[in-house]
Structures are given as C-alpha cells and as structure tokens.
Amino acid sequence: MAKLGVIGVGAMGGAIVRGLLSSGKMQAADILAFNRTRERMRSLEDKFSLPIAPDAATVARQAKYLLLGVKPYMIAPLLDDLDDALAAKPVVISVAAGKPLAAIEAHLPTQTPLVRIMPNVNAQINQSMSGIAANQYVSDEALAEVRAMFDAIGKTALVPEDHFAAFAALAGCSPAWIYRFIDALAQAGVAHGFKKEEATRIVAQAVAGSAQNVLENLPQGLNPQALVDQVCSPAGTTVAGLLAMEDAGFSAAARTAVNAAVARDQELSAS
C-alpha cells in the first residue's frame, strides 16, 4: 500500500509531490501517482523515479492518504467513477479551490475521512503556506500526519472552513500578486538603468528579507506598519515613494484583490 496516492500532478499536485520528495520527508516509493496526460509526469519520473499507476482507481485502492490534485470541476465526476475503489475509505485530501467539505462528501462513501487543504505554488520550493480543515471522520492521528506532510513543504495553519475563502486569497492567490509587485519594481529599475534580471534579483531578495523580518518581529509585537515606520525617515526618499504609492491606490488595490478573490471563491463554492 502506498502511503500517499496522488491523482492529478498538474501545477499544484506536481508542486506538492516535488516538495515532499525534495524535502526528504517522503521517498518516491511512498507515493503512487496517476495523471490523465502521461507527459505531465515525465519530469517526476525522470528526476525522482516516481511510481506511476495505470489508472486512478489503482491509486485510490492502494493509498492510505489520497490527494486529489485535479481541477475543481473534475472532483465530482472523478469521485463518482472511483466509488468502488474508495470502499476502504482512505483519508481523502482535496486541494480544490472553492470546493467545501460538504460538496466533496456528497460524492464519497459515507463517513469517509476528508481533509481540505489550501496550499500555494511555493510548495515546490518547500515554502508553502497551507490552510487545513477536516471533517468529523478524520482522527487526530490522521490529521497530525496530514499536517506533517504539508509542514514538510512549508508552514500550515488549522483554519475554520468558513474562513477558507479569505485564506485562499491571502495565501493561495497572493504569490501571483507578489510576483507582479516584484516585476513592477524591477521594470522601474530597468527604466533607471538596471538590466531586467539584475533588477529582479535585487527586488526579490529585498522582498524575501522583508517577509522574514516581519515573521521574526511578529512575536515581539512589531507588526508590518511598525516596520514601515522604522524605515521611513522624515522627509526621506522612502516616505516620498510610500506616499506616491498610496496616492496611486496601492493599499486599496491590495484590499480589492483580496475581496475579488474571496467573491470568486464563494461563486465557485455555490456552483
């Protein structure tokens, strides 16, 4: 029996598998995977010698923990097709955005343990921030083991399911927005004479260091605004840029992005 079965190794499923294997917390022999398009699995096969199943049902039958890495619209038909294969009731793990526990439970055998997780794409470098919620059939031991899997690829937080839409925006969507922020600053650097790659490296390191500074100062009660105040000298360049950024709507744009992502998640949950 495989410790972890994975159905769907696209962007997110593949990132999770790569993160688990590269972290050394799980070996290729512990994982059994299947993807409809075999070509998507070539890099995992070549780099990690990942065992590949002939079909999704084989994965479901042999997995202790079953990770569903398919697109949200594929969850229901996939689980309906796997009804017999799920008779042993593995702990099912869903990373589908906008699919609450109840919607997935409706397509599982009665009392199947189910964990809903929202990781982000940084799982592939073991720096994900993953939110976790579970139904009543998941034992404390199983929940701890699932959490340990995702702690191996970053950090985790137990999140009430009614906060999942907001968590998805804050942690699942935000990497794309941060990438755009980095690229925008790098473009400005190019306008002032830097090569794009050099400017991008400079900004990325500044963002990485700033994020680490926030994490290290939070326990001491220093929130991001307090750190902003530390950097802004009176009548200095930083505050001049900060005020210009706010005049252009930076903070409002960030809040608008979160609200739009939450609204879209709620639309997906209702469909």
# chains A, B, ... in the order shown; residues from 1 in each chain; ligands from 1

$ closest_atom_pairs --of "stretch 18-137 of chain A" --to "stretch 146-168 of chain A" --cutoff "12 Å" --atoms "only C-alpha atoms" --output "CSV"
residue,atom,partner,partner_atom,distance
A:Arg18,CA,A:Ile153,CA,9.1
A:Gly19,CA,A:Ile153,CA,5.4
A:Leu20,CA,A:Ile153,CA,6.1
A:Leu21,CA,A:Ile153,CA,9.3
A:Ser22,CA,A:Ile153,CA,8.9
A:Ser23,CA,A:Ala152,CA,6.4
A:Gly24,CA,A:Ala152,CA,8.5
A:Lys25,CA,A:Ala152,CA,6.4
A:Met26,CA,A:Met149,CA,8.3
A:Gln27,CA,A:Met149,CA,11.9
A:Asp30,CA,A:Met149,CA,12.0
A:Lys64,CA,A:Val146,CA,10.9
A:Tyr65,CA,A:Val146,CA,8.2
A:Leu66,CA,A:Val146,CA,10.5
A:Leu67,CA,A:Val146,CA,10.3
A:Val91,CA,A:Val146,CA,9.0
A:Val92,CA,A:Val146,CA,10.1
A:Ile93,CA,A:Val146,CA,8.4
A:Ser94,CA,A:Val146,CA,11.4
A:Val95,CA,A:Ala168,CA,10.6
A:Ala96,CA,A:Ala168,CA,10.5
A:Ala97,CA,A:Ala168,CA,7.6
A:Gly98,CA,A:Ala165,CA,7.3
A:Lys99,CA,A:Phe164,CA,10.0
A:Pro100,CA,A:Glu161,CA,7.6
A:Leu101,CA,A:Glu161,CA,8.2
A:Ala102,CA,A:Glu161,CA,10.5
A:Pro113,CA,A:Val146,CA,11.6
A:Leu114,CA,A:Val146,CA,10.7
A:Val115,CA,A:Val146,CA,8.3
A:Arg116,CA,A:Glu161,CA,8.6
A:Ile117,CA,A:Phe150,CA,9.1
A:Met118,CA,A:Ala168,CA,6.3
A:Pro119,CA,A:Phe150,CA,8.2
A:Asn120,CA,A:Ala168,CA,8.6
A:Val121,CA,A:Ile153,CA,10.3
A:Asn122,CA,A:Gly154,CA,8.1
A:Ala123,CA,A:Ile153,CA,5.3
A:Gln124,CA,A:Ile153,CA,7.4
A:Ile125,CA,A:Ile153,CA,7.3
A:Asn126,CA,A:Ile153,CA,3.8
A:Gln127,CA,A:Gly154,CA,4.2
A:Ser128,CA,A:Gly154,CA,4.4
A:Met129,CA,A:Lys155,CA,5.0
A:Ser130,CA,A:Thr156,CA,4.6
A:Gly131,CA,A:Ala157,CA,5.0
A:Ile132,CA,A:Leu158,CA,4.8
A:Ala133,CA,A:Val159,CA,5.8
A:Ala134,CA,A:Glu161,CA,8.4
A:Asn135,CA,A:Glu161,CA,9.8

$ residues_around --residues "A:Gly8" --least-positions-apart "6" --cutoff "7 Å" --atoms "only C-alpha atoms" --output "compact mmCIF listing (two decimals) with all heavy atoms, in the first residue's frame"
# COMPACT_ATOMS: atom_id res chain seq x y z
N PHE A 34 -1.02 9.17 -10.53
CA PHE A 34 -1.65 8.99 -11.85
C PHE A 34 -2.06 10.36 -12.37
O PHE A 34 -2.52 11.22 -11.62
CB PHE A 34 -2.89 8.10 -11.77
CG PHE A 34 -3.67 8.05 -13.06
CD1 PHE A 34 -3.22 7.28 -14.12
CD2 PHE A 34 -4.83 8.79 -13.22
CE1 PHE A 34 -3.92 7.25 -15.33
CE2 PHE A 34 -5.54 8.77 -14.41
CZ PHE A 34 -5.08 7.99 -15.48
N ASN A 35 -1.87 10.54 -13.68
CA ASN A 35 -2.33 11.75 -14.35
C ASN A 35 -2.86 11.34 -15.71
O ASN A 35 -2.29 10.47 -16.37
CB ASN A 35 -1.19 12.76 -14.51
CG ASN A 35 -1.70 14.15 -14.84
OD1 ASN A 35 -2.19 14.86 -13.95
ND2 ASN A 35 -1.60 14.56 -16.09
N LEU A 68 -6.22 14.54 -4.07
CA LEU A 68 -6.89 14.87 -5.33
C LEU A 68 -6.31 16.17 -5.85
O LEU A 68 -6.58 17.25 -5.33
CB LEU A 68 -8.40 15.01 -5.10
CG LEU A 68 -9.09 13.82 -4.41
CD1 LEU A 68 -10.57 14.14 -4.21
CD2 LEU A 68 -8.92 12.54 -5.22
N GLY A 69 -5.50 16.06 -6.90
CA GLY A 69 -4.85 17.24 -7.46
C GLY A 69 -5.47 17.71 -8.76
O GLY A 69 -4.84 18.47 -9.50
N VAL A 70 -6.71 17.27 -9.04
CA VAL A 70 -7.37 17.64 -10.30
C VAL A 70 -8.07 18.99 -10.15
O VAL A 70 -8.23 19.52 -9.05
CB VAL A 70 -8.39 16.55 -10.71
CG1 VAL A 70 -7.69 15.22 -10.90
CG2 VAL A 70 -9.51 16.42 -9.68

$ closest_atom_pairs --of "stretch 71-96 of chain A" --to "stretch 46-58 of chain A" --cutoff "9 Å" --atoms "only C-alpha atoms" --output "JSON lines"
{"residue": "A:Leu78", "atom": "CA", "partner": "A:Ala56", "partner_atom": "CA", "distance": 8.6}
{"residue": "A:Asp81", "atom": "CA", "partner": "A:Ala57", "partner_atom": "CA", "distance": 8.3}
{"residue": "A:Leu82", "atom": "CA", "partner": "A:Ala57", "partner_atom": "CA", "distance": 5.9}
{"residue": "A:Asp84", "atom": "CA", "partner": "A:Ala57", "partner_atom": "CA", "distance": 8.5}
{"residue": "A:Ala85", "atom": "CA", "partner": "A:Ala57", "partner_atom": "CA", "distance": 5.6}
{"residue": "A:Leu86", "atom": "CA", "partner": "A:Ala57", "partner_atom": "CA", "distance": 8.3}

$ write_last_selection --atoms "all heavy atoms" --output "JSON list (two decimals), in the first residue's frame"
[["chain", "number", "residue", "atom", "x", "y", "z"],
["A", 78, "LEU", "N", -14.86, 12.53, -10.98],
["A", 78, "LEU", "CA", -13.77, 11.62, -10.61],
["A", 78, "LEU", "C", -14.18, 10.74, -9.43],
["A", 78, "LEU", "O", -14.02, 9.51, -9.48],
["A", 78, "LEU", "CB", -12.52, 12.42, -10.24],
["A", 78, "LEU", "CG", -11.36, 11.61, -9.64],
["A", 78, "LEU", "CD1", -10.80, 10.64, -10.66],
["A", 78, "LEU", "CD2", -10.27, 12.53, -9.10],
["A", 81, "ASP", "N", -16.73, 8.11, -10.29],
["A", 81, "ASP", "CA", -16.13, 6.98, -11.00],
["A", 81, "ASP", "C", -15.34, 6.08, -10.06],
["A", 81, "ASP", "O", -15.19, 4.88, -10.32],
["A", 81, "ASP", "CB", -15.19, 7.49, -12.11],
["A", 81, "ASP", "CG", -15.94, 8.07, -13.30],
["A", 81, "ASP", "OD1", -17.15, 7.82, -13.41],
["A", 81, "ASP", "OD2", -15.30, 8.78, -14.09],
["A", 82, "LEU", "N", -14.84, 6.64, -8.96],
["A", 82, "LEU", "CA", -14.00, 5.87, -8.04],
["A", 82, "LEU", "C", -14.77, 5.29, -6.86],
["A", 82, "LEU", "O", -14.16, 4.79, -5.91],
["A", 82, "LEU", "CB", -12.89, 6.80, -7.48],
["A", 82, "LEU", "CG", -11.85, 7.31, -8.47],
["A", 82, "LEU", "CD1", -10.88, 8.24, -7.76],
["A", 82, "LEU", "CD2", -11.11, 6.14, -9.12],
["A", 84, "ASP", "N", -16.36, 2.52, -6.04],
["A", 84, "ASP", "CA", -15.98, 1.19, -5.56],
["A", 84, "ASP", "C", -14.55, 1.18, -5.04],
["A", 84, "ASP", "O", -14.23, 0.51, -4.04],
["A", 84, "ASP", "CB", -16.14, 0.15, -6.67],
["A", 84, "ASP", "CG", -17.59, -0.08, -7.05],
["A", 84, "ASP", "OD1", -18.48, 0.23, -6.22],
["A", 84, "ASP", "OD2", -17.85, -0.56, -8.17],
["A", 85, "ALA", "N", -13.66, 1.90, -5.71],
["A", 85, "ALA", "CA", -12.25, 1.92, -5.33],
["A", 85, "ALA", "C", -12.03, 2.60, -3.98],
["A", 85, "ALA", "O", -11.00, 2.38, -3.33],
["A", 85, "ALA", "CB", -11.42, 2.61, -6.40],
["A", 86, "LEU", "N", -13.01, 3.41, -3.55],
["A", 86, "LEU", "CA", -12.88, 4.13, -2.29],
["A", 86, "LEU", "C", -13.52, 3.40, -1.12],
["A", 86, "LEU", "O", -13.65, 3.95, -0.03],
["A", 86, "LEU", "CB", -13.51, 5.52, -2.43],
["A", 86, "LEU", "CG", -12.80, 6.49, -3.38],
["A", 86, "LEU", "CD1", -13.68, 7.71, -3.63],
["A", 86, "LEU", "CD2", -11.46, 6.92, -2.80]]

$ select_by_dssp --residues "stretch 15-244 of chain A" --states "alpha helix (DSSP H)" --output "VMD selection string"
chain A and resid 15 to 23 42 to 48 56 to 62 75 to 81 101 to 105 140 to 151 164 to 167 174 to 191 196 to 217 224 to 231 237 to 244

$ select_by_dssp --residues "stretch 5-144 of chain A" --states "strand (DSSP E or B)" --output "PyMOL selection string"
chain A and resi 5-7+31-34+52+63-68+91-94+114-118+128-134

$ atom_distance --atom1 "atom CA of A:Ser233" --atom2 "atom CA of A:Met245"
16.4 Å

$ decode --residues "stretch 81-92 of chain A" --atoms "N, CA and C atoms" --output "CSV table (one decimal), in the first residue's frame"
chain,number,residue,atom,x,y,z
A,81,ASP,N,-16.7,8.1,-10.3
A,81,ASP,CA,-16.1,7.0,-11.0
A,81,ASP,C,-15.3,6.1,-10.1
A,82,LEU,N,-14.8,6.6,-9.0
A,82,LEU,CA,-14.0,5.9,-8.0
A,82,LEU,C,-14.8,5.3,-6.9
A,83,ASP,N,-16.1,5.3,-6.9
A,83,ASP,CA,-16.9,4.9,-5.8
A,83,ASP,C,-16.5,3.5,-5.2
A,84,ASP,N,-16.4,2.5,-6.0
A,84,ASP,CA,-16.0,1.2,-5.6
A,84,ASP,C,-14.5,1.2,-5.0
A,85,ALA,N,-13.7,1.9,-5.7
A,85,ALA,CA,-12.2,1.9,-5.3
A,85,ALA,C,-12.0,2.6,-4.0
A,86,LEU,N,-13.0,3.4,-3.6
A,86,LEU,CA,-12.9,4.1,-2.3
A,86,LEU,C,-13.5,3.4,-1.1
A,87,ALA,N,-13.9,2.1,-1.3
A,87,ALA,CA,-14.6,1.4,-0.3
A,87,ALA,C,-13.8,1.3,1.0
A,88,ALA,N,-12.4,1.2,0.9
A,88,ALA,CA,-11.6,1.1,2.0
A,88,ALA,C,-11.4,2.4,2.8
A,89,LYS,N,-12.0,3.5,2.3
A,89,LYS,CA,-12.1,4.8,2.9
A,89,LYS,C,-10.7,5.3,3.3
A,90,PRO,N,-9.8,5.6,2.3
A,90,PRO,CA,-8.6,6.3,2.6
A,90,PRO,C,-8.9,7.7,3.1
A,91,VAL,N,-7.9,8.3,3.7
A,91,VAL,CA,-8.1,9.7,4.1
A,91,VAL,C,-8.0,10.5,2.8
A,92,VAL,N,-9.0,11.1,2.4
A,92,VAL,CA,-9.0,11.9,1.1
A,92,VAL,C,-8.6,13.3,1.4
